[in-house]
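What's in start.cif: mmCIF, C-alpha atoms
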data_model
#
loop_
_atom_site.label_atom_id
_atom_site.label_comp_id
_atom_site.auth_asym_id
_atom_site.auth_seq_id
_atom_site.Cartn_x
_atom_site.Cartn_y
_atom_site.Cartn_z
CA MET A 1 -8.20 -7.71 18.86
CA SER A 2 -11.30 -8.37 16.80
CA GLN A 3 -12.62 -4.97 17.92
CA ASP A 4 -9.32 -3.20 17.23
CA LYS A 5 -10.41 -1.51 14.00
CA LEU A 6 -8.55 1.06 11.97
CA VAL A 7 -10.96 3.86 10.98
CA ILE A 8 -10.05 6.12 8.06
CA GLY A 9 -12.46 8.52 6.42
CA GLY A 10 -15.36 6.89 8.25
CA LYS A 11 -14.44 3.41 6.99
CA ALA A 12 -13.64 0.72 9.59
CA LEU A 13 -10.88 -1.67 8.49
CA SER A 14 -9.97 -4.96 10.15
CA SER A 15 -6.59 -5.17 8.42
CA ARG A 16 -3.75 -2.73 9.04
CA ILE A 17 -1.83 -3.56 5.86
CA PHE A 18 -2.25 -1.64 2.64
CA ILE A 19 -0.76 -3.44 -0.37
CA GLY A 20 0.58 -1.82 -3.52
CA THR A 21 -0.22 -3.57 -6.80
CA GLY A 22 2.97 -2.86 -8.77
CA LEU A 23 5.92 -5.11 -9.60
CA PHE A 24 4.31 -8.50 -9.00
CA PRO A 25 5.62 -11.24 -11.33
CA ASN A 26 2.09 -11.97 -12.60
CA PRO A 27 -1.59 -11.41 -11.72
CA PHE A 28 -1.96 -14.86 -10.17
CA VAL A 29 0.88 -14.34 -7.70
CA GLN A 30 -0.44 -10.86 -6.95
CA LYS A 31 -3.87 -12.20 -6.12
CA GLU A 32 -2.40 -14.89 -3.85
CA ALA A 33 -0.23 -12.35 -2.05
CA ILE A 34 -3.08 -9.91 -1.52
CA ARG A 35 -5.20 -12.70 -0.10
CA ALA A 36 -2.38 -13.89 2.18
CA SER A 37 -1.79 -10.35 3.49
CA GLY A 38 -5.43 -9.97 4.50
CA SER A 39 -5.30 -6.44 3.08
CA GLU A 40 -8.53 -4.53 2.51
CA VAL A 41 -6.91 -1.48 0.90
CA LEU A 42 -5.07 -1.67 -2.43
CA THR A 43 -3.09 1.08 -4.10
CA PHE A 44 -2.85 1.81 -7.81
CA ALA A 45 -1.30 4.33 -10.15
CA ILE A 46 -3.01 6.27 -12.96
CA ARG A 47 -1.42 6.10 -16.41
CA ARG A 48 -2.37 6.73 -20.02
CA ILE A 49 -3.94 3.82 -21.89
CA ASN A 50 -1.53 2.48 -24.50
CA LEU A 51 -3.48 2.97 -27.72
CA GLU A 52 -1.09 0.68 -29.62
CA ALA A 53 -2.03 -2.28 -27.44
CA THR A 54 -5.52 -1.99 -26.05
CA GLU A 55 -5.99 -5.58 -24.91
CA ASP A 56 -7.42 -5.93 -21.44
CA ASP A 57 -4.39 -4.72 -19.56
CA SER A 58 -6.31 -2.94 -16.81
CA ILE A 59 -5.15 -4.09 -13.41
CA LEU A 60 -8.73 -4.26 -12.18
CA GLN A 61 -9.69 -7.22 -14.35
CA HIS A 62 -7.26 -9.38 -12.38
CA LEU A 63 -8.75 -8.63 -8.98
CA GLU A 64 -11.49 -10.62 -7.41
CA GLU A 65 -14.66 -8.75 -6.75
CA GLY A 66 -14.48 -8.07 -3.08
CA SER A 67 -14.66 -5.49 -0.39
CA TYR A 68 -11.40 -3.77 -1.30
CA THR A 69 -11.03 -0.05 -0.84
CA PHE A 70 -9.10 1.43 -3.73
CA LEU A 71 -6.40 3.95 -2.93
CA PRO A 72 -5.14 5.40 -6.22
CA ASN A 73 -1.92 7.40 -5.99
CA THR A 74 -0.68 10.49 -7.80
CA SER A 75 2.74 8.99 -8.55
CA GLY A 76 4.56 10.70 -11.38
CA ALA A 77 3.28 14.10 -10.26
CA ARG A 78 6.03 16.66 -9.64
CA THR A 79 3.78 19.51 -8.52
CA ALA A 80 0.58 20.01 -6.53
CA ASP A 81 -1.28 20.95 -9.71
CA GLU A 82 -0.29 17.70 -11.42
CA ALA A 83 -1.31 15.70 -8.37
CA VAL A 84 -4.70 17.43 -8.21
CA ARG A 85 -5.31 16.65 -11.88
CA ILE A 86 -4.46 12.97 -11.39
CA ALA A 87 -6.67 12.83 -8.30
CA ARG A 88 -9.64 14.21 -10.23
CA LEU A 89 -9.09 11.63 -12.98
CA ALA A 90 -8.92 8.87 -10.38
CA ARG A 91 -12.15 9.95 -8.74
CA ALA A 92 -13.98 10.18 -12.08
CA SER A 93 -13.50 6.40 -12.35
CA GLY A 94 -16.29 6.15 -9.81
CA LEU A 95 -14.25 3.54 -7.92
CA SER A 96 -13.00 5.61 -5.01
CA ASP A 97 -12.72 9.08 -3.57
CA TRP A 98 -9.63 8.11 -1.59
CA ILE A 99 -6.36 9.51 -2.90
CA LYS A 100 -2.76 8.94 -1.91
CA VAL A 101 -0.97 12.22 -2.61
CA GLU A 102 2.49 11.30 -3.87
CA ILE A 103 4.62 14.09 -5.31
CA SER A 104 8.28 13.45 -6.04
CA ALA A 105 10.58 15.79 -7.90
CA ASN A 106 13.87 14.00 -7.28
CA GLU A 107 14.19 10.93 -9.47
CA ARG A 108 17.10 9.41 -7.56
CA THR A 109 15.48 9.42 -4.12
CA LEU A 110 11.79 9.77 -5.05
CA LEU A 111 11.48 11.56 -1.72
CA PRO A 112 8.21 13.46 -1.39
CA ASP A 113 8.18 17.21 -1.97
CA PRO A 114 6.74 18.40 1.36
CA ILE A 115 5.61 21.84 0.19
CA GLU A 116 3.77 20.59 -2.89
CA THR A 117 2.33 17.71 -0.85
CA LEU A 118 0.83 20.11 1.69
CA LYS A 119 -0.56 22.33 -1.09
CA ALA A 120 -2.19 19.39 -2.88
CA THR A 121 -3.62 18.06 0.38
CA GLU A 122 -5.26 21.41 1.15
CA ILE A 123 -6.85 21.59 -2.31
CA LEU A 124 -8.06 17.99 -2.41
CA VAL A 125 -9.55 18.10 1.09
CA LYS A 126 -11.59 21.15 0.00
CA GLU A 127 -12.78 19.17 -3.03
CA GLY A 128 -14.09 16.42 -0.76
CA PHE A 129 -11.46 13.73 -1.30
CA THR A 130 -10.37 11.38 1.48
CA VAL A 131 -6.72 12.39 1.38
CA LEU A 132 -3.82 10.21 2.55
CA PRO A 133 -0.59 12.07 1.83
CA TYR A 134 2.69 10.18 1.50
CA THR A 135 5.20 12.46 3.14
CA SER A 136 8.58 12.91 4.80
CA ASP A 137 9.01 11.59 8.35
CA ASP A 138 8.97 15.11 9.78
CA PRO A 139 6.76 15.52 12.87
CA ILE A 140 5.89 19.16 12.22
CA LEU A 141 5.00 18.52 8.59
CA CYS A 142 2.86 15.53 9.52
CA LYS A 143 0.95 17.70 11.99
CA ARG A 144 0.45 20.37 9.32
CA LEU A 145 -0.97 17.75 6.96
CA GLU A 146 -3.36 16.59 9.67
CA GLU A 147 -4.46 20.19 10.28
CA ALA A 148 -5.03 20.56 6.52
CA GLY A 149 -7.60 17.78 6.79
CA ALA A 150 -5.71 14.62 5.83
CA ALA A 151 -7.72 11.52 6.79
CA ALA A 152 -4.47 9.72 7.60
CA VAL A 153 -0.84 10.77 7.27
CA MET A 154 1.72 8.43 5.68
CA PRO A 155 5.34 9.19 6.53
CA GLY A 156 7.99 7.16 4.71
CA ALA A 157 10.25 4.76 6.59
CA ALA A 158 12.93 5.13 3.90
CA PRO A 159 12.95 5.95 0.16
CA ILE A 160 10.52 3.96 -1.99
CA GLY A 161 11.65 0.46 -2.88
CA THR A 162 14.86 0.56 -0.84
CA GLY A 163 13.87 -1.89 1.90
CA LEU A 164 16.10 0.03 4.31
CA GLY A 165 13.55 -0.11 7.11
CA ILE A 166 12.75 2.70 9.52
CA LEU A 167 15.63 5.16 9.23
CA ASN A 168 14.34 7.48 11.94
CA PRO A 169 12.30 5.61 14.54
CA TYR A 170 12.55 8.60 16.89
CA HIS A 171 10.63 10.75 14.39
CA ILE A 172 8.04 8.07 13.65
CA GLY A 173 7.43 7.73 17.40
CA LEU A 174 7.04 11.50 17.80
CA ILE A 175 4.68 11.68 14.83
CA VAL A 176 2.47 9.03 16.44
CA GLU A 177 2.51 10.83 19.82
CA GLU A 178 1.35 14.09 18.24
CA ALA A 179 -1.22 12.67 15.84
CA THR A 180 -5.00 12.54 16.18
CA VAL A 181 -5.45 10.85 12.77
CA PRO A 182 -4.08 7.42 11.84
CA ILE A 183 -0.38 7.29 10.92
CA ILE A 184 0.50 4.77 8.22
CA VAL A 185 4.18 4.05 7.53
CA ASP A 186 4.49 4.05 3.77
CA ALA A 187 7.54 3.07 1.71
CA GLY A 188 10.98 1.80 2.54
CA LEU A 189 10.06 -1.23 4.64
CA GLY A 190 11.95 -4.41 3.76
CA SER A 191 10.94 -7.31 5.95
CA ALA A 192 8.66 -8.50 8.73
CA SER A 193 10.95 -7.13 11.45
CA ASP A 194 10.64 -3.61 9.96
CA VAL A 195 6.87 -3.97 10.01
CA ALA A 196 6.81 -5.18 13.62
CA GLN A 197 9.06 -2.26 14.61
CA ALA A 198 6.72 0.21 12.93
CA MET A 199 3.72 -1.22 14.73
CA GLU A 200 5.57 -1.21 18.07
CA LEU A 201 6.22 2.49 17.55
CA GLY A 202 2.45 2.87 17.61
CA VAL A 203 1.61 3.51 13.97
CA SER A 204 -1.87 2.51 12.87
CA GLY A 205 -0.79 0.56 9.82
CA VAL A 206 1.74 0.03 7.04
CA LEU A 207 1.68 0.40 3.27
CA MET A 208 3.97 -1.86 1.26
CA ASN A 209 4.55 -2.94 -2.28
CA THR A 210 8.14 -3.83 -3.22
CA PRO A 211 9.02 -6.00 -0.19
CA VAL A 212 6.07 -8.26 -0.94
CA ALA A 213 6.01 -8.12 -4.75
CA LYS A 214 9.77 -8.65 -5.16
CA ALA A 215 10.21 -11.30 -2.45
CA LYS A 216 11.17 -14.72 -3.79
CA ASP A 217 7.81 -15.98 -2.53
CA PRO A 218 5.43 -13.00 -2.47
CA ALA A 219 2.47 -14.86 -0.92
CA MET A 220 4.63 -16.25 1.89
CA MET A 221 6.12 -12.81 2.54
CA ALA A 222 2.63 -11.30 2.53
CA ARG A 223 1.65 -13.72 5.29
CA ALA A 224 4.82 -12.87 7.22
CA MET A 225 3.90 -9.18 6.97
CA LYS A 226 0.38 -9.90 8.20
CA LEU A 227 1.70 -11.77 11.23
CA ALA A 228 4.27 -9.03 11.88
CA VAL A 229 1.54 -6.40 11.90
CA GLU A 230 -0.46 -8.44 14.40
CA ALA A 231 2.59 -9.17 16.57
CA GLY A 232 3.76 -5.56 16.53
CA ARG A 233 0.29 -4.23 17.25
CA LEU A 234 -0.21 -6.59 20.21
CA SER A 235 3.25 -5.75 21.52
CA TYR A 236 2.46 -2.03 21.33
CA LEU A 237 -0.94 -2.39 23.02
CA SER A 238 0.29 -4.73 25.76
CA GLY A 239 3.03 -2.40 26.96
CA ARG A 240 6.61 -3.56 26.76
CA ILE A 241 9.00 -3.58 29.73
CA ALA A 242 11.39 -0.72 30.29
CA LYS A 243 14.99 -1.33 29.18
CA LYS A 244 17.53 -1.73 32.02
CA LYS A 245 21.31 -1.73 32.02
CA TYR A 246 21.86 -4.75 34.33
CA ALA A 247 20.34 -8.18 34.81
CA THR A 248 17.37 -9.14 36.95
CA ALA A 249 17.11 -12.88 37.77
CA SER A 250 13.85 -14.55 36.87
CA SER A 251 14.05 -16.68 40.06
CA GLY A 252 15.27 -15.20 43.38
CA LEU A 253 18.13 -16.85 45.37
CA GLU A 254 16.39 -16.83 48.81
CA GLN A 255 15.76 -20.58 48.80
CA PHE A 256 18.78 -21.59 46.74
CA ILE A 257 19.97 -25.15 47.64
CA VAL A 258 23.65 -24.40 48.32
CA LYS A 259 23.08 -21.81 51.06
CA MET B 260 -10.93 13.83 -37.94
CA GLU B 261 -7.70 14.67 -36.17
CA LEU B 262 -7.56 14.51 -32.38
CA ILE B 263 -4.66 14.63 -29.96
CA ILE B 264 -5.16 11.57 -27.81
CA ASN B 265 -2.70 10.84 -25.00
CA GLY B 266 -0.28 13.35 -26.48
CA GLN B 267 -0.29 11.88 -30.00
CA THR B 268 -2.15 12.95 -33.10
CA GLN B 269 -4.71 10.33 -34.10
CA VAL B 270 -6.82 10.33 -37.24
CA LEU B 271 -10.27 8.88 -36.60
CA GLU B 272 -13.51 8.58 -38.52
CA PRO B 273 -15.78 11.60 -37.91
CA ALA B 274 -17.06 11.55 -34.32
CA ASP B 275 -19.64 13.72 -32.57
CA THR B 276 -19.14 12.78 -28.96
CA MET B 277 -16.55 11.41 -26.61
CA GLU B 278 -18.49 8.17 -26.55
CA ASP B 279 -18.02 7.84 -30.34
CA VAL B 280 -14.27 8.30 -29.93
CA ILE B 281 -14.00 5.71 -27.20
CA LYS B 282 -16.10 3.29 -29.26
CA GLN B 283 -13.91 3.79 -32.34
CA LEU B 284 -10.83 3.01 -30.28
CA GLY B 285 -12.43 -0.23 -29.11
CA LEU B 286 -12.40 0.88 -25.49
CA LEU B 287 -16.10 1.02 -24.70
CA GLY B 288 -16.93 -1.07 -21.63
CA LYS B 289 -13.39 -0.93 -20.29
CA PRO B 290 -12.60 0.78 -17.01
CA LEU B 291 -11.13 4.09 -18.10
CA VAL B 292 -11.40 7.80 -17.44
CA ALA B 293 -11.53 10.46 -20.14
CA GLU B 294 -10.46 14.08 -20.02
CA ALA B 295 -11.33 16.57 -22.79
CA ASN B 296 -9.28 19.78 -23.08
CA GLY B 297 -8.36 19.48 -19.42
CA VAL B 298 -11.87 18.79 -18.14
CA VAL B 299 -12.33 15.44 -16.42
CA LEU B 300 -15.47 13.57 -17.50
CA THR B 301 -17.48 10.92 -15.74
CA ALA B 302 -18.67 8.03 -17.91
CA GLU B 303 -22.19 9.49 -17.87
CA GLN B 304 -20.88 12.65 -19.57
CA TRP B 305 -19.25 10.88 -22.54
CA ALA B 306 -22.41 10.77 -24.65
CA THR B 307 -23.12 14.48 -24.18
CA THR B 308 -19.57 15.79 -24.57
CA SER B 309 -19.00 17.12 -28.09
CA VAL B 310 -15.73 16.42 -29.82
CA VAL B 311 -14.15 18.96 -32.18
CA PRO B 312 -11.09 18.59 -34.42
CA GLY B 313 -7.81 19.23 -32.62
CA MET B 314 -9.27 18.49 -29.19
CA ARG B 315 -6.82 17.25 -26.59
CA ILE B 316 -8.10 14.05 -25.08
CA GLU B 317 -6.58 11.96 -22.31
CA LEU B 318 -7.67 8.37 -21.75
CA VAL B 319 -6.28 6.88 -18.55
CA HIS B 320 -6.77 3.84 -16.37
CA PHE B 321 -5.56 2.22 -13.15
CA VAL B 322 -2.26 0.35 -13.36
CA GLY B 323 -0.22 -1.44 -10.72
CA GLY B 324 1.41 0.92 -8.26
CA GLY B 325 2.30 1.40 -4.62
#
Representation of the structure as structure tokens:
Amino acid sequence: MSQDKLVIGGKALSSRIFIGTGLFPNPFVQKEAIRASGSEVLTFAIRRINLEATEDDSILQHLEEGSYTFLPNTSGARTADEAVRIARLARASGLSDWIKVEISANERTLLPDPIETLKATEILVKEGFTVLPYTSDDPILCKRLEEAGAAAVMPGAAPIGTGLGILNPYHIGLIVEEATVPIIVDAGLGSASDVAQAMELGVSGVLMNTPVAKAKDPAMMARAMKLAVEAGRLSYLSGRIAKKKYATASSGLEQFIVK
Amino acid sequence: MELIINGQTQVLEPADTMEDVIKQLGLLGKPLVAEANGVVLTAEQWATTSVVPGMRIELVHFVGGG
């Protein structure tokens, strides 16, 4: 497994968990959870600086210097144009040219707008970004995003923050079968079993925030997620048995004592 | 001088460049990105980007998010 790397945009990652940095109770707990998850990729949002309170409230000051890859998102964007603008701002930070395209127009579901997401992906790929679009779990759409040049495609398991788990495992499985870029399940996961299921479906990794940050013990849950990723990945690679309708005894009855 | 920073009118001391504005706001040295009238600037461009009254400036940074 030590050689089982996840390669995105030319970068080889040992960890298959991406962790979101929102909603943690405090920076200390966040740091502990990130460490426990083993994550090498962290997501962020881009927002205006509050000019009324300009103390050091940047998220970056709380993170240890390390080999993290930063994956800023375009959350809040409702159109491709807004997402492109946020992406350009993120890249001008000089911290990363990776961008998670996230475009939601429906406030109740926060489901991604597939048409705007595809448009933004096309534009940002042309501008040289490493683009990871968060998208619906539609196999055709995911393929179109790959063809547009996405470095990885990130279908949702369920709406953001719901913890409902993988609502359509059939689609996630199909998406993986068709893909030639990494598939990362992003959003909607709730617990370690959801993560293991995703990995058993063959996805390359998972992106989570709420289920770790809002767990009673975020660092412990982060470790559970790490182990679930490893378990699910090994289970996928080792090849599970086929399901059967009736029993097969583990020991034959040829030499059974009563005969 | 009046500038529209992050959507709100702000009255600052006279400033020639974006770097002056960021310094006046006490934000120099902090990890932030500036945009002037819709044009995104790298930190290296702050000192050479002229500021004129009424300019629309955005100052953004990374916050927690998933």
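Distance check against chain A using all atoms listed in the file: of B:Thr301, B:Thr268, B:Gln283, B:Thr276, the minimum falls on B:Thr301.
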For the structure shown, which residues end up in the PyMOL selection byres ((chain A) within 10 of (chain B))? Put them as a count of residues only, please?
50
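For the structure in this document, the set picked by the PyMOL selection byres ((chain A and resi 117) around 9) is Thr79, Ala80, Ala83, Val101, Glu102, Ile103, Ser104, Pro112, Asp113, Pro114, Ile115, Glu116, Leu118, Lys119, Ala120, Thr121, Glu122, Pro133, Tyr134, Thr135 and Leu145 of chain A.
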Subject >> Nearby residues (only C-alpha atoms) at most 9 Å from Ala158 of chain A, same-chain spacing under 4 positions excluded, as a ChimeraX atom specification >> reply: /A:111,136-137,162-168,186-189
Given the file shown, enumerate the residues that the PyMOL selection byres ((chain B and resi 306-313) around 6) captures and present them as a CSV table (one decimal) with C-alpha atoms, in the frame of the given file.
chain,number,residue,atom,x,y,z
B,260,MET,CA,-10.9,13.8,-37.9
B,261,GLU,CA,-7.7,14.7,-36.2
B,262,LEU,CA,-7.6,14.5,-32.4
B,275,ASP,CA,-19.6,13.7,-32.6
B,276,THR,CA,-19.1,12.8,-29.0
B,277,MET,CA,-16.6,11.4,-26.6
B,278,GLU,CA,-18.5,8.2,-26.6
B,304,GLN,CA,-20.9,12.6,-19.6
B,305,TRP,CA,-19.2,10.9,-22.5
B,314,MET,CA,-9.3,18.5,-29.2
